[in-house]
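Peer 1: Encoded as structure tokens, here's the structure I'll be asking about.
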Amino acid sequence: MNGAESLIRTLVAGGVDTCFSNPGTSEIHVVAALDRIPEMRCLLGLFEGVVTGAADGYARMAEKPACTLLHLGPGLGNGLANLHNARRAQVPIVNLVGQHATDHLHYDAPLTSDIEAIAQPISKWLRTSRAASEIGRDAAEAVIAARTAPGQIATLIVPADVAWSDGGSVAAVPAMPAPPLPDAQIVEHAAAMLRSGSRTAILMAGNALYGKGLVTAGRIASATGAKLLAPYPITRLQRGVGIPKVDRVQYVLEQGIEQFKEFRQLILVGAQAPVAYFAYPGKSSVFTAPDCEIHTLAKPGEDYIGALDALATALSIRGAKLAAETAEAERPPLPTGEITLPGLAAAVGALLPESTIVVDESMTSGRGLMAATKGAPPHDWLGNTGGSIGIALPLAAGAAVACPNRRVLCLTADGSGMYTPQALWTMAREGLNVTTVVFANHDYAVLKREFSYLGVGNAGARASAMFEIGRPDLDWTLLAKGMGVPGTRVTSLDGFGKALREGLETEGPTLIEVPL
């Protein structure tokens with residue numbers, strides 16, 4: 001058995017059975033091993049940002065790592081933006097990167113680079129394999145590292161000679177240890193805060209925002225009057241009718257300060273205290289009031305569900321049948337007439353099917369979407385966790401691979417969508433059930449807002465040209481058609497509702513362009 005085969009067989013034995021890839025010459029022996037091992041599903045992305053973003057979406061929904069396969073330092077560099085987003089999402093990924101054969105490196109061939117230096121900022125665990133006899137062990141340790149709570153990126157660099165040499169063996173991947181619980185006094189302090197009667201918010205992340213964790217958090221909120229919140233950069237939030245209500249932290253600085261001004265206490269579960277994305281001259285970046293006590297119930301990497309269970313026990317409500325605050329089963333009526341942003345949001349709220357996975361990167365055009373869908377049937381909401389745009393299409397593809405029996409609704413815009421449009425090709429090739437809505441405003445609209453917000457005056461012709469993406473206008477229906485995805489452009493809310501309904505009921509991918 002050569003090193004490449006021992007690598008792939010160890011990953012499969014460790015539960016990593018999906019590989020998003022864009023390989024090159026240095027990875028050919030790994031590709032050959034993938035060809036011989038059908039237990040590993042392989043999906044091709046035409047750009048490395050699609051590969052890494054799809055691995056992120058897969059991990060969010062499958063709750064286990066996929067692996068990537070990237071070509072040397074330049075391939076890894078092309079995938080870094082969405083690896084940054086994945087790192088901020090705290091999801092598990094085993095990131096495989098090829099390297100030149102060891103005895104070829106001293107020639108300094110054109111594609112030679114310092115791969116470890118490129119990988120370091122986004123990798124919690126990083127190693128270069130040194131021998132075929134060791135790569136199975138390296139792969140097992142990479143799986144363990146990736147799956148270590150709350151989830152992280154493990155990068156394994158695979159020299160070509162390590163892959164092609166004989167002497168490999170399959171390494172066992174040991175059972176994962178349970179994440180630690182917070183100390184009892186930390187739990188008791190949080191309980192005392194909630195007993196005090198002071199207005200309190202609980203800001204949660206990770207698996208506290210869906211499933212059992214969210215159910216327990218809803219009971220705590222119902223019993224104590226606390227407000228449940230999710231960070232603006234949402235990794236995954238379960239919401240809709242019958243699901244405990246969670247409000248999202250605002251993006252705009254002044255709105256965030258207004259949102260938090262009533263709270264004298266803030267309890268954190270796997271989340272950071274809320275701050276602005278950027279600094280603004282003469283303004284504080286902190287959302288919470290100066291006299292707000294901030295207490296960390298569970299740090300990143302600790303057991304969020306266990307911490308909430310312990311808090312419920314300390315409050316004597318564990319197992320109590322308390323009715324958490326949930327949204328009423330009330331959808332907006334399906335709108336008609338001219339296209340407006342509130343009308344588009346209402347149409348999504350009216351038509352969203354149960355169990356849909358919503359991938360949202362519509363920062364300006366989609367700001368009314370969460371309010372309009374709060375009364376929809378239960379669904380999951382995924383967002384851009386790291387702020388690097390171009391995540392929506394790959395994230396949607398990965399989520400669809402992880403959950404083939406669920407519909408994915410991808411909400412993006414023409415600016416962000418153009419970073420990774422190649423994901424449409426992967427959707428078509430794999431027949432993924434993704435309905436993509438492109439809000440085509442011909443602008444980097446958020447940057448126009450930021451320009452005015454920073455107080456530097458009105459944008460002149462040169463500045464405006466850096467924010468406007470017309471001249472020529474993009475044609476998303478033709479772009480989609482060229483990559484095998486049927487697309488349509490709508491000119492009214494009536495047309496949008498019809499196209500959205502058809503897209504959500506159609507097998508395979510579809511695209512709707514909405515000119516704004």
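Letters A, B, ... go to the chains of the structure tokens in the order shown; residues in each chain start at 1; ligands are counted from 1 in the same order.
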Return as an MDAnalysis selection string the full set of residues in segment 314-511 of chain A whose backbone-based DSSP assignment is alpha helix (DSSP H).
Peer 2: chainID A and resid 314 341:351 369:372 392:402 414:417 423:430 445:453 461:465 476:482 493:505
Peer 1: Enumerate, in order of chain and increasing residue number, the residues of segment 293-378 of chain A with an atom no farther than 12 Å from segment 37-57 of chain A, each with its shortest atom pair and distance in Å to one decimal, counting only C-alpha atoms, as CSV.
Peer 2:
residue,atom,partner,partner_atom,distance
A:Ile357,CA,A:Gly57,CA,10.4
A:Val358,CA,A:Gly57,CA,11.2
A:Val359,CA,A:Gly57,CA,9.1
A:Asp360,CA,A:Gly57,CA,11.9
Peer 1: For the selection just defined, write its residues with N, CA, C and O atoms to a file, as a PDB file, in the first residue's frame.
Peer 2:
ATOM      1  N   ILE A 357     -32.795  24.687   3.900  1.00  0.00           N
ATOM      2  CA  ILE A 357     -31.549  25.272   4.392  1.00  0.00           C
ATOM      3  C   ILE A 357     -31.361  26.582   3.641  1.00  0.00           C
ATOM      4  O   ILE A 357     -31.198  26.585   2.422  1.00  0.00           O
ATOM      5  N   VAL A 358     -31.412  27.694   4.353  1.00  0.00           N
ATOM      6  CA  VAL A 358     -31.261  29.013   3.738  1.00  0.00           C
ATOM      7  C   VAL A 358     -29.815  29.465   3.907  1.00  0.00           C
ATOM      8  O   VAL A 358     -29.303  29.538   5.027  1.00  0.00           O
ATOM      9  N   VAL A 359     -29.160  29.747   2.798  1.00  0.00           N
ATOM     10  CA  VAL A 359     -27.798  30.283   2.811  1.00  0.00           C
ATOM     11  C   VAL A 359     -27.900  31.748   2.411  1.00  0.00           C
ATOM     12  O   VAL A 359     -28.341  32.069   1.309  1.00  0.00           O
ATOM     13  N   ASP A 360     -27.485  32.631   3.308  1.00  0.00           N
ATOM     14  CA  ASP A 360     -27.777  34.056   3.144  1.00  0.00           C
ATOM     15  C   ASP A 360     -26.494  34.879   3.093  1.00  0.00           C
ATOM     16  O   ASP A 360     -25.741  34.960   4.065  1.00  0.00           O
TER      17      ASP A 360
END
Peer 1: Restricting the calculation to only C-alpha atoms: of A:Val514, A:Thr148, A:Lys448, A:Leu395, which residue gets closest to Gly460 of chain A?
Peer 2: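 Once distances to Gly460 of chain A are computed over only C-alpha atoms, the minimum belongs to A:Lys448.
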Peer 1: If I take atom CA of Arg489 of chain A and atom CA of Ile391 of chain A, how far is one from the other in Å, to one decimal?
Peer 2: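 Distance between the two atoms: 22.3 Å.
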Peer 1: Nearest to Val94 of chain A among A:Leu447, A:Ala178, A:Leu344, A:Leu70, with distances taken over only C-alpha atoms: which residue is it?
Peer 2: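 Residue with the minimum atom-to-atom distance to Val94 of chain A: A:Leu70.
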Peer 1: Out of segment 411-514 of chain A, which residues get strand (DSSP E) from DSSP, as a ChimeraX atom specification?
Peer 2: /A:411-413,434-440,487-489,510-514
Peer 1: Nearest to Ala149 of chain A among A:Val286, A:Phe278, A:Glu302, A:Asn2, with distances taken over only C-alpha atoms: which residue is it?
Peer 2: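 Nearest to Ala149 of chain A: A:Glu302.
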Peer 1: If I take atom CA of Asn433 of chain A and atom CA of Ser416 of chain A, how far is one from the other in Å, to one decimal?
Peer 2: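 Atom CA of Ser416 of chain A lies 20.8 Å from atom CA of Asn433 of chain A.
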Peer 1: Set the distance at 8 Å and use only C-alpha atoms: which residues neighbour segment 103-114 of chain A once local chain neighbours fewer than 2 positions away are removed? I'd like the list as a ChimeraX atom specification.
Peer 2: /A:72-74,100-101,116-118
Peer 1: Considering only C-alpha atoms, return as a PyMOL selection string whatever protein or nucleic-acid residues lie within 7 Å of Leu424 of chain A, sequence-local ones (same chain, fewer than 6 positions apart) excluded.
Peer 2: chain A and resi 480+483+485
Peer 1: I'd like the neighbourhood of Asp494 of chain A as a list in words, where a residue qualifies if any of its atoms comes within 8 Å (using only C-alpha atoms), though same-chain residues fewer than 6 positions away should be ignored.
Peer 2: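 Residues meeting the cut-off are Pro335, Thr336 and Gly337 of chain A.
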Peer 1: Would you write out those residues with all heavy atoms, as a compact mmCIF listing (two decimals), in the first residue's frame?
Peer 2:
# COMPACT_ATOMS: atom_id res chain seq x y z
N PRO A 335 -46.86 38.55 -2.34
CA PRO A 335 -47.04 39.90 -2.89
C PRO A 335 -47.10 39.90 -4.42
O PRO A 335 -46.68 38.95 -5.09
CB PRO A 335 -45.79 40.64 -2.40
CG PRO A 335 -44.75 39.57 -2.33
CD PRO A 335 -45.48 38.32 -1.90
N THR A 336 -47.62 40.98 -4.95
CA THR A 336 -47.68 41.19 -6.40
C THR A 336 -47.21 42.60 -6.71
O THR A 336 -47.01 43.41 -5.81
CB THR A 336 -49.12 40.99 -6.93
OG1 THR A 336 -49.98 41.94 -6.27
CG2 THR A 336 -49.63 39.59 -6.65
N GLY A 337 -47.05 42.88 -7.98
CA GLY A 337 -46.70 44.24 -8.39
C GLY A 337 -45.22 44.42 -8.66
O GLY A 337 -44.50 43.46 -8.96
Peer 1: Pick out the residues sitting within 8 Å of Gly206 of chain A, and hand them over as a PyMOL selection string; count only C-alpha atoms, and ignore anything fewer than 3 positions along from it in its own chain.
Peer 2: chain A and resi 90+150+209+235-236+270+304
Peer 1: Using N, CA and C atoms, can you write the selected residues to a file as a compact mmCIF listing (two decimals), in the first residue's frame?
Peer 2:
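And here's selection.txt as it stands now:
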# COMPACT_ATOMS: atom_id res chain seq x y z
N GLN A 90 -15.87 27.96 12.95
CA GLN A 90 -15.47 26.89 13.88
C GLN A 90 -16.07 25.55 13.44
N PRO A 150 -14.51 23.33 19.25
CA PRO A 150 -15.80 23.32 18.57
C PRO A 150 -15.74 22.93 17.10
N LEU A 209 -27.39 26.70 19.01
CA LEU A 209 -28.37 27.40 18.18
C LEU A 209 -29.24 26.46 17.35
N THR A 235 -23.23 30.78 12.05
CA THR A 235 -22.79 29.52 11.45
C THR A 235 -23.99 28.67 11.05
N ARG A 236 -24.89 28.47 11.99
CA ARG A 236 -26.12 27.72 11.72
C ARG A 236 -27.13 28.05 12.80
N GLY A 270 -20.24 30.05 24.02
CA GLY A 270 -19.47 29.81 22.80
C GLY A 270 -19.32 31.01 21.90
N TYR A 304 -21.27 23.14 24.94
CA TYR A 304 -22.33 24.14 25.01
C TYR A 304 -23.65 23.53 25.48
Peer 1: Have a look at atom CA of Ala119 of chain A and atom CA of Ile93 of chain A and let me know their distance in Å, one decimal.
Peer 2: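 The value is 13.0 Å.
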Peer 1: When you look at segment 154-170 of chain A with a cut-off of 8 Å (counting only C-alpha atoms), what residues show up, excluding the ones that are within fewer than 4 positions of it in the same chain? I need them as a PyMOL selection string.
Peer 2: chain A and resi 1-7+9-10+26-27+29-30+92-102+115-116+119+123-139+142-143+145-146
Peer 1: Which residue, A:Arg471, A:Ala463, A:Met61, A:Ser222, has the smallest gap to Arg406 of chain A when you use only C-alpha atoms?
Peer 2: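 Result for the nearest residue to Arg406 of chain A: A:Met61.
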Peer 1: Considering only C-alpha atoms, state which residue in the set A:Arg449, A:Arg248, A:His295, A:Arg147 is at the smallest distance from Gln185 of chain A.
Peer 2: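 Ranking A:Arg449, A:Arg248, A:His295, A:Arg147 by distance to Gln185 of chain A, first place goes to A:His295.
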Peer 1: Could you make a table, as CSV, of the residues of segment 411-513 of chain A that have an atom within 12 Å of an atom of segment 253-264 of chain A, each with its nearest atom pair and distance in Å to one decimal, counting only C-alpha atoms, in chain and number order?
Peer 2:
residue,atom,partner,partner_atom,distance
A:Glu450,CA,A:Leu253,CA,11.4
A:Tyr453,CA,A:Leu253,CA,10.5
A:Leu454,CA,A:Leu253,CA,12.0
